[in-house]
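Novice: Coordinates in upload.cif, mmCIF, C-alpha atoms, are listed below.
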```
data_target
#
loop_
_atom_site.label_atom_id
_atom_site.label_comp_id
_atom_site.auth_asym_id
_atom_site.auth_seq_id
_atom_site.Cartn_x
_atom_site.Cartn_y
_atom_site.Cartn_z
CA MET A 112 19.00 16.62 -67.20
CA THR A 113 20.59 14.49 -64.52
CA GLY A 114 24.04 14.34 -62.97
CA SER A 115 25.72 14.91 -59.68
CA HIS A 116 29.10 16.43 -60.54
CA VAL A 117 29.62 20.00 -61.62
CA GLY A 118 31.05 18.66 -64.88
CA ASP A 119 27.65 17.11 -65.61
CA LEU A 120 26.07 20.54 -65.92
CA PRO A 121 25.01 21.40 -69.50
CA VAL A 122 28.04 23.51 -70.45
CA GLY A 123 27.59 25.41 -73.70
CA ARG A 124 23.85 24.81 -73.98
CA LYS A 125 21.70 27.92 -74.09
CA PHE A 126 18.57 28.27 -71.99
CA THR A 127 16.13 31.13 -72.40
CA VAL A 128 13.31 32.65 -70.44
CA ARG A 129 11.04 35.27 -71.91
CA ARG A 130 8.68 37.63 -70.18
CA THR A 131 6.64 40.72 -70.92
CA VAL A 132 7.04 43.27 -68.15
CA THR A 133 3.65 44.56 -67.05
CA GLU A 134 2.83 47.64 -65.01
CA ALA A 135 1.56 45.26 -62.29
CA ASP A 136 4.96 43.51 -62.25
CA VAL A 137 6.79 46.78 -61.60
CA LEU A 138 4.38 47.82 -58.84
CA ARG A 139 4.44 44.38 -57.22
CA PHE A 140 8.23 44.41 -57.34
CA ALA A 141 8.23 47.80 -55.59
CA GLU A 142 5.96 46.41 -52.86
CA LEU A 143 7.99 43.25 -52.49
CA THR A 144 11.33 45.01 -52.13
CA GLY A 145 10.30 48.39 -50.76
CA ASP A 146 12.00 50.11 -53.70
CA PHE A 147 9.54 52.86 -54.58
CA ASP A 148 12.08 55.04 -56.40
CA ARG A 149 10.37 57.69 -58.52
CA LEU A 150 11.96 56.21 -61.64
CA HIS A 151 9.75 53.15 -61.11
CA VAL A 152 6.47 54.48 -59.73
CA ASP A 153 6.05 58.18 -60.59
CA ALA A 154 4.83 58.57 -64.16
CA GLU A 155 4.71 62.38 -64.06
CA TYR A 156 8.22 62.69 -62.70
CA CYS A 157 9.50 60.23 -65.30
CA ARG A 158 8.17 62.47 -68.09
CA THR A 159 10.85 64.97 -67.02
CA THR A 160 13.69 62.41 -67.28
CA ARG A 161 15.63 61.21 -70.28
CA TYR A 162 13.56 58.00 -70.17
CA GLY A 163 10.24 59.77 -70.56
CA LYS A 164 8.40 57.02 -68.71
CA GLN A 165 8.69 54.62 -65.80
CA ILE A 166 11.43 52.00 -65.95
CA ALA A 167 11.46 48.52 -64.46
CA HIS A 168 13.71 47.73 -61.50
CA GLY A 169 17.08 46.31 -62.53
CA ALA A 170 16.68 43.70 -59.80
CA LEU A 171 13.55 42.42 -61.54
CA ILE A 172 15.69 41.65 -64.58
CA ILE A 173 18.21 39.95 -62.27
CA GLY A 174 15.28 37.85 -61.05
CA TYR A 175 14.64 36.76 -64.63
CA MET A 176 18.32 35.81 -64.88
CA SER A 177 17.92 33.63 -61.79
CA ALA A 178 14.85 32.02 -63.33
CA ALA A 179 16.95 31.18 -66.40
CA SER A 180 19.59 29.69 -64.12
CA SER A 181 16.97 27.50 -62.45
CA LYS A 182 15.88 26.32 -65.89
CA ALA A 183 19.46 25.43 -66.82
CA THR A 184 19.87 23.29 -63.69
CA GLU A 185 16.35 21.83 -63.47
CA GLY A 186 16.34 18.13 -62.66
CA PHE A 187 20.02 18.05 -61.72
CA GLY A 188 20.79 15.37 -59.16
CA ARG A 189 22.05 17.77 -56.52
CA PRO A 190 20.89 21.16 -55.32
CA VAL A 191 22.49 24.06 -57.18
CA ALA A 192 22.47 27.45 -55.49
CA SER A 193 23.39 30.91 -56.69
CA LEU A 194 26.68 32.06 -55.20
CA GLY A 195 26.22 35.47 -56.80
CA PHE A 196 27.27 37.50 -59.79
CA ASP A 197 30.69 38.71 -60.82
CA ARG A 198 29.44 41.64 -62.85
CA ILE A 199 26.04 42.94 -63.83
CA ARG A 200 25.43 45.84 -66.18
CA HIS A 201 22.07 47.36 -66.96
CA LEU A 202 22.78 48.77 -70.43
CA LYS A 203 19.39 50.08 -71.46
CA PRO A 204 16.15 50.86 -69.64
CA VAL A 205 13.28 48.35 -69.61
CA PHE A 206 9.81 49.85 -69.93
CA VAL A 207 6.35 48.50 -69.14
CA GLY A 208 5.23 46.46 -72.14
CA ASP A 209 8.75 45.43 -73.12
CA THR A 210 9.37 41.74 -73.68
CA VAL A 211 12.66 40.57 -72.22
CA THR A 212 14.42 37.42 -73.37
CA VAL A 213 17.21 36.17 -71.11
CA THR A 214 19.78 33.77 -72.55
CA TYR A 215 21.75 31.77 -70.01
CA GLU A 216 24.78 29.65 -70.85
CA ILE A 217 27.06 27.82 -68.44
CA ALA A 218 30.52 28.63 -69.77
CA GLU A 219 32.98 27.13 -67.32
CA THR A 220 33.05 24.65 -64.48
CA ASP A 221 35.42 24.49 -61.52
CA PRO A 222 35.21 20.87 -60.28
CA PRO A 223 37.50 21.24 -57.23
CA ARG A 224 35.29 24.00 -55.83
CA GLU A 225 32.08 22.55 -57.32
CA ARG A 226 31.30 25.86 -58.97
CA ALA A 227 30.29 26.95 -62.45
CA THR A 228 30.19 30.31 -64.20
CA ALA A 229 27.49 31.31 -66.66
CA ARG A 230 27.22 34.15 -69.16
CA VAL A 231 23.87 35.86 -69.13
CA ALA A 232 22.42 38.35 -71.61
CA ALA A 233 18.99 39.95 -71.74
CA VAL A 234 17.55 41.54 -74.88
CA ASN A 235 14.34 43.43 -75.51
CA GLN A 236 11.82 42.99 -78.33
CA HIS A 237 13.95 45.24 -80.58
CA GLY A 238 16.93 42.94 -80.19
CA GLU A 239 18.77 45.49 -78.03
CA THR A 240 20.86 44.09 -75.20
CA ILE A 241 19.41 45.56 -72.02
CA ALA A 242 21.59 43.74 -69.48
CA VAL A 243 24.54 41.38 -69.22
CA ALA A 244 25.94 39.44 -66.28
CA ASP A 245 28.31 36.69 -65.19
CA HIS A 246 26.57 34.34 -62.79
CA VAL A 247 28.29 31.98 -60.35
CA LEU A 248 26.64 28.70 -59.36
CA LYS A 249 27.61 26.31 -56.61
CA LEU A 250 26.56 22.77 -55.80
CA VAL A 251 25.34 22.71 -52.21
CA MET B 257 19.19 65.49 -49.63
CA THR B 258 19.65 67.78 -52.60
CA GLY B 259 22.39 68.26 -55.14
CA SER B 260 22.98 67.82 -58.83
CA HIS B 261 26.59 66.67 -59.13
CA VAL B 262 27.80 63.20 -58.33
CA GLY B 263 30.05 64.75 -55.69
CA ASP B 264 26.93 65.95 -53.87
CA LEU B 265 25.91 62.36 -53.12
CA PRO B 266 26.15 61.46 -49.40
CA VAL B 267 29.54 59.71 -49.52
CA GLY B 268 30.34 57.81 -46.34
CA ARG B 269 26.86 58.04 -44.85
CA LYS B 270 25.19 54.70 -44.12
CA PHE B 271 21.62 53.97 -45.11
CA THR B 272 19.75 50.89 -43.98
CA VAL B 273 16.63 49.04 -44.96
CA ARG B 274 15.25 46.22 -42.88
CA ARG B 275 12.75 43.59 -43.81
CA THR B 276 11.38 40.32 -42.49
CA VAL B 277 11.14 37.78 -45.30
CA THR B 278 7.72 36.11 -45.28
CA GLU B 279 6.62 32.94 -47.02
CA ALA B 280 4.32 35.10 -49.12
CA ASP B 281 7.30 37.21 -50.21
CA VAL B 282 9.15 34.14 -51.49
CA LEU B 283 6.11 32.82 -53.34
CA ARG B 284 5.29 36.20 -54.84
CA PHE B 285 8.89 36.58 -55.94
CA ALA B 286 8.69 33.19 -57.64
CA GLU B 287 5.53 34.27 -59.49
CA LEU B 288 6.98 37.62 -60.42
CA THR B 289 10.20 36.23 -61.89
CA GLY B 290 9.15 32.73 -62.91
CA ASP B 291 11.88 31.26 -60.68
CA PHE B 292 10.14 28.27 -59.13
CA ASP B 293 13.33 26.42 -58.25
CA ARG B 294 12.71 23.62 -55.73
CA LEU B 295 15.05 25.33 -53.27
CA HIS B 296 12.48 28.12 -53.02
CA VAL B 297 9.10 26.43 -53.29
CA ASP B 298 9.36 22.72 -52.40
CA ALA B 299 9.40 22.24 -48.62
CA GLU B 300 9.66 18.44 -48.75
CA TYR B 301 12.56 18.49 -51.18
CA CYS B 302 14.32 21.12 -49.07
CA ARG B 303 14.22 18.81 -46.07
CA THR B 304 16.66 16.59 -47.98
CA THR B 305 19.15 19.43 -48.59
CA ARG B 306 21.80 20.90 -46.34
CA TYR B 307 19.50 23.87 -45.74
CA GLY B 308 16.67 21.76 -44.31
CA LYS B 309 14.05 24.26 -45.42
CA GLN B 310 13.15 26.63 -48.23
CA ILE B 311 15.50 29.52 -48.93
CA ALA B 312 14.66 32.96 -50.30
CA HIS B 313 15.75 33.93 -53.81
CA GLY B 314 19.10 35.71 -53.90
CA ALA B 315 17.56 38.22 -56.31
CA LEU B 316 15.03 39.19 -53.63
CA ILE B 317 17.93 40.25 -51.43
CA ILE B 318 19.38 42.16 -54.39
CA GLY B 319 16.00 43.91 -54.56
CA TYR B 320 16.45 45.00 -50.94
CA MET B 321 19.89 46.33 -51.89
CA SER B 322 18.28 48.40 -54.64
CA ALA B 323 15.73 49.70 -52.15
CA ALA B 324 18.60 50.82 -49.92
CA SER B 325 20.18 52.53 -52.90
CA SER B 326 16.96 54.40 -53.60
CA LYS B 327 16.91 55.52 -49.97
CA ALA B 328 20.48 56.80 -50.24
CA THR B 329 19.64 58.92 -53.28
CA GLU B 330 16.10 60.01 -52.35
CA GLY B 331 15.44 63.65 -53.04
CA PHE B 332 18.60 64.11 -55.11
CA GLY B 333 18.21 66.82 -57.72
CA ARG B 334 18.81 64.53 -60.67
CA PRO B 335 17.67 61.01 -61.51
CA VAL B 336 20.09 58.33 -60.30
CA ALA B 337 19.88 54.92 -61.96
CA SER B 338 21.51 51.59 -61.17
CA LEU B 339 24.24 50.78 -63.67
CA GLY B 340 24.66 47.37 -62.06
CA PHE B 341 26.86 45.52 -59.61
CA ASP B 342 30.54 44.71 -59.74
CA ARG B 343 30.33 41.68 -57.49
CA ILE B 344 27.59 40.04 -55.49
CA ARG B 345 28.10 37.12 -53.12
CA HIS B 346 25.34 35.27 -51.31
CA LEU B 347 27.25 34.02 -48.29
CA LYS B 348 24.53 32.37 -46.25
CA PRO B 349 20.98 31.23 -46.94
CA VAL B 350 18.01 33.41 -46.02
CA PHE B 351 14.99 31.56 -44.62
CA VAL B 352 11.35 32.52 -44.23
CA GLY B 353 11.05 34.48 -40.98
CA ASP B 354 14.56 35.89 -41.17
CA THR B 355 14.93 39.63 -40.78
CA VAL B 356 17.42 41.13 -43.21
CA THR B 357 19.13 44.47 -42.63
CA VAL B 358 20.89 45.97 -45.63
CA THR B 359 23.52 48.65 -45.07
CA TYR B 360 24.34 50.81 -48.05
CA GLU B 361 27.24 53.27 -48.20
CA ILE B 362 28.41 55.27 -51.18
CA ALA B 363 32.18 54.86 -51.05
CA GLU B 364 33.56 56.57 -54.15
CA THR B 365 32.44 58.99 -56.81
CA ASP B 366 33.70 59.37 -60.36
CA PRO B 367 32.71 62.92 -61.40
CA PRO B 368 33.93 62.75 -65.03
CA ARG B 369 31.70 59.74 -65.69
CA GLU B 370 29.00 60.86 -63.23
CA ARG B 371 29.14 57.52 -61.47
CA ALA B 372 29.43 56.37 -57.88
CA THR B 373 30.24 53.04 -56.25
CA ALA B 374 28.60 51.81 -53.08
CA ARG B 375 29.47 49.01 -50.66
CA VAL B 376 26.48 46.95 -49.65
CA ALA B 377 26.19 44.37 -46.89
CA ALA B 378 23.17 42.41 -45.69
CA VAL B 379 22.99 40.73 -42.28
CA ASN B 380 20.36 38.52 -40.67
CA GLN B 381 18.88 38.74 -37.18
CA HIS B 382 21.84 36.77 -35.80
CA GLY B 383 24.29 39.38 -37.10
CA GLU B 384 25.59 36.99 -39.75
CA THR B 385 26.49 38.56 -43.09
CA ILE B 386 24.25 36.88 -45.65
CA ALA B 387 25.30 38.88 -48.73
CA VAL B 388 27.73 41.54 -49.90
CA ALA B 389 27.90 43.56 -53.08
CA ASP B 390 29.48 46.52 -54.82
CA HIS B 391 26.83 48.64 -56.50
CA VAL B 392 27.39 51.12 -59.31
CA LEU B 393 25.18 54.18 -59.66
CA LYS B 394 24.96 56.62 -62.54
CA LEU B 395 23.34 60.02 -62.91
CA VAL B 396 21.03 59.91 -65.90
#
```
Reformat the file's structure so that it appears as structure tokens.
Specialist:
Amino acid sequence: MTGSHVGDLPVGRKFTVRRTVTEADVLRFAELTGDFDRLHVDAEYCRTTRYGKQIAHGALIIGYMSAASSKATEGFGRPVASLGFDRIRHLKPVFVGDTVTVTYEIAETDPPRERATARVAAVNQHGETIAVADHVLKLV
Amino acid sequence: MTGSHVGDLPVGRKFTVRRTVTEADVLRFAELTGDFDRLHVDAEYCRTTRYGKQIAHGALIIGYMSAASSKATEGFGRPVASLGFDRIRHLKPVFVGDTVTVTYEIAETDPPRERATARVAAVNQHGETIAVADHVLKLV
């Protein structure tokens, strides 16, 4: 994909990234961020919760969303940065061994401000939606 | 901190986490999420952008926000999970070597739904706000 105006972004095209969450991923994410919450790293404690086992960090899933965004803008003629998210909801837990597929679709562009908004959804291997978000991009 | 009702959360108290972003952190985050966007991993390309050098992933900063959330709820009598964010804005780039301080404050609680909302702000070593967010917690 090439282009240099926000209107050249691939509006309406769906990009996906897919990843199996490993135990190493969760532990490395805890190290990288300092988020060692018991829900992520304490297997015995998690047996006492409604989840029954350790869950992945929500921010790891947000990282997958960003990866999908990078895929959607790869090769574009100008740098595209993440301005942020308008709303993120973690709807279901993600466990070690789950395979997450993120679908990313640029829905709207705002040429005067050189911004675009994308709808993002993440599903697990059972087809359950585990997270949704609205992502905001900006040409920089 | 102890407690079992959402009203027992430490409303109004500020929790901080502080972290220097290393080059290794950015590269490990790229590996972990699959987000190898040029803005994060291509030093030569970045010299041609307005940033002049590689920037950290926004989702890494969101990970620090989650770490601050875990600190704010550590020791609580019931599991507290992240329901998501209502709005995240990355206001300034974060570079390798920058030291990020995240301040996390639970602002409101919603006892009927067992939810709480927190205001989150991240500043760099120059005191510049690099990101803000509203985080939503839920007892699970």
Novice: Carefully work through the PyMOL selection byres ((chain B) within 9 of (chain A)) for this structure and note down the residues it includes, as an NGL selection string.
Specialist: :B and (273 or 275 or 281 or 284-286 or 288-295 or 305-307 or 313-327 or 330 or 334-347 or 387 or 392 or 396)
Novice: List the neighbours of Thr113 (chain A) out to 8 Å using only C-alpha atoms; skip same-chain residues closer than 6 positions along the sequence, and give me the result as a list in words.
Specialist: Asp119, Gly186, Phe187 and Gly188 of chain A
Novice: If you measure from CA of Glu384 (chain B) to CA of Phe351 (chain B), what distance in Å do you get, rounded to one decimal?
Specialist: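 Taking CA of Glu384 (chain B) and CA of Phe351 (chain B), their separation equals 12.9 Å.
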Novice: Tell me which protein, DNA and RNA residues are within 7 Å of Arg226 (chain A), counting only C-alpha atoms, leaving out same-chain ones fewer than 3 positions away, and put them as a PyMOL selection string.
Specialist: chain A and resi 117+220-222+247-250
Novice: Would you work out the distance separating CA of His237 (chain A) from CA of Lys125 (chain A), expressed in Å to one decimal?
Specialist: 20.1 Å
Novice: Can you tell me how far CA of Ser115 (chain A) sits from CA of Glu225 (chain A), in Å to one decimal?
Specialist: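 Pair CA of Ser115 (chain A) / CA of Glu225 (chain A) returns 10.2 Å.
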Novice: Identify, on the basis of all atoms listed in the file, every residue whose closest approach to Glu279 (chain B) does not exceed 8 Å; exclude the query and any residue fewer than 4 positions from it along the same chain; express the result as a VMD selection string.
Specialist: chain B and resid 283 352 to 353
Novice: Using all atoms listed in the file, find the one residue out of A:Ala233, A:His116, A:Pro121, A:Val152 that sits nearest to Glu216 (chain A).
Specialist: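 Under the stated criterion, the closest residue is A:Pro121.
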Novice: Would you compute the box with edges along x, y and z of the file around region 372-383 of chain B, including every atom the file lists for it and 5 Å extra on each side, and give its centre and edge lengths in Å to one decimal, as lines of an AutoDock Vina configuration file?
Specialist:
```
center_x = 24.6
center_y = 46.6
center_z = -46.8
size_x = 21.4
size_y = 29.6
size_z = 32.1
```
Novice: Could you pull region 199-212 of chain A out of the structure I just pasted and write it to a file containing N, CA and C atoms, as a JSON list (two decimals), in the first residue's frame?
Specialist:
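As written to disk, decode-v5.json reads:
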```json
[["chain", "number", "residue", "atom", "x", "y", "z"],
["A", 199, "ILE", "N", -12.00, 0.91, 24.94],
["A", 199, "ILE", "CA", -11.54, -0.48, 24.91],
["A", 199, "ILE", "C", -12.34, -1.25, 25.94],
["A", 200, "ARG", "N", -12.84, -2.42, 25.55],
["A", 200, "ARG", "CA", -13.50, -3.29, 26.52],
["A", 200, "ARG", "C", -12.96, -4.71, 26.42],
["A", 201, "HIS", "N", -12.52, -5.19, 27.56],
["A", 201, "HIS", "CA", -12.09, -6.59, 27.66],
["A", 201, "HIS", "C", -13.32, -7.38, 28.08],
["A", 202, "LEU", "N", -13.89, -8.15, 27.17],
["A", 202, "LEU", "CA", -15.20, -8.76, 27.39],
["A", 202, "LEU", "C", -15.11, -10.16, 28.00],
["A", 203, "LYS", "N", -14.03, -10.85, 27.68],
["A", 203, "LYS", "CA", -13.85, -12.19, 28.23],
["A", 203, "LYS", "C", -12.37, -12.39, 28.55],
["A", 204, "PRO", "N", -12.07, -13.26, 29.51],
["A", 204, "PRO", "CA", -10.67, -13.49, 29.84],
["A", 204, "PRO", "C", -9.94, -14.25, 28.72],
["A", 205, "VAL", "N", -8.64, -14.01, 28.62],
["A", 205, "VAL", "CA", -7.78, -14.75, 27.70],
["A", 205, "VAL", "C", -6.84, -15.60, 28.55],
["A", 206, "PHE", "N", -6.81, -16.90, 28.25],
["A", 206, "PHE", "CA", -5.99, -17.83, 29.02],
["A", 206, "PHE", "C", -4.76, -18.26, 28.23],
["A", 207, "VAL", "N", -3.76, -18.75, 28.94],
["A", 207, "VAL", "CA", -2.60, -19.34, 28.27],
["A", 207, "VAL", "C", -3.09, -20.47, 27.36],
["A", 208, "GLY", "N", -2.59, -20.47, 26.15],
["A", 208, "GLY", "CA", -2.99, -21.49, 25.17],
["A", 208, "GLY", "C", -4.07, -21.01, 24.23],
["A", 209, "ASP", "N", -4.74, -19.92, 24.60],
["A", 209, "ASP", "CA", -5.77, -19.37, 23.70],
["A", 209, "ASP", "C", -5.12, -18.77, 22.46],
["A", 210, "THR", "N", -5.81, -18.87, 21.35],
["A", 210, "THR", "CA", -5.35, -18.24, 20.11],
["A", 210, "THR", "C", -6.27, -17.06, 19.80],
["A", 211, "VAL", "N", -5.66, -15.89, 19.74],
["A", 211, "VAL", "CA", -6.41, -14.64, 19.58],
["A", 211, "VAL", "C", -6.25, -14.15, 18.15],
["A", 212, "THR", "N", -7.37, -13.86, 17.51],
["A", 212, "THR", "CA", -7.35, -13.25, 16.18],
["A", 212, "THR", "C", -7.92, -11.84, 16.29]]
```
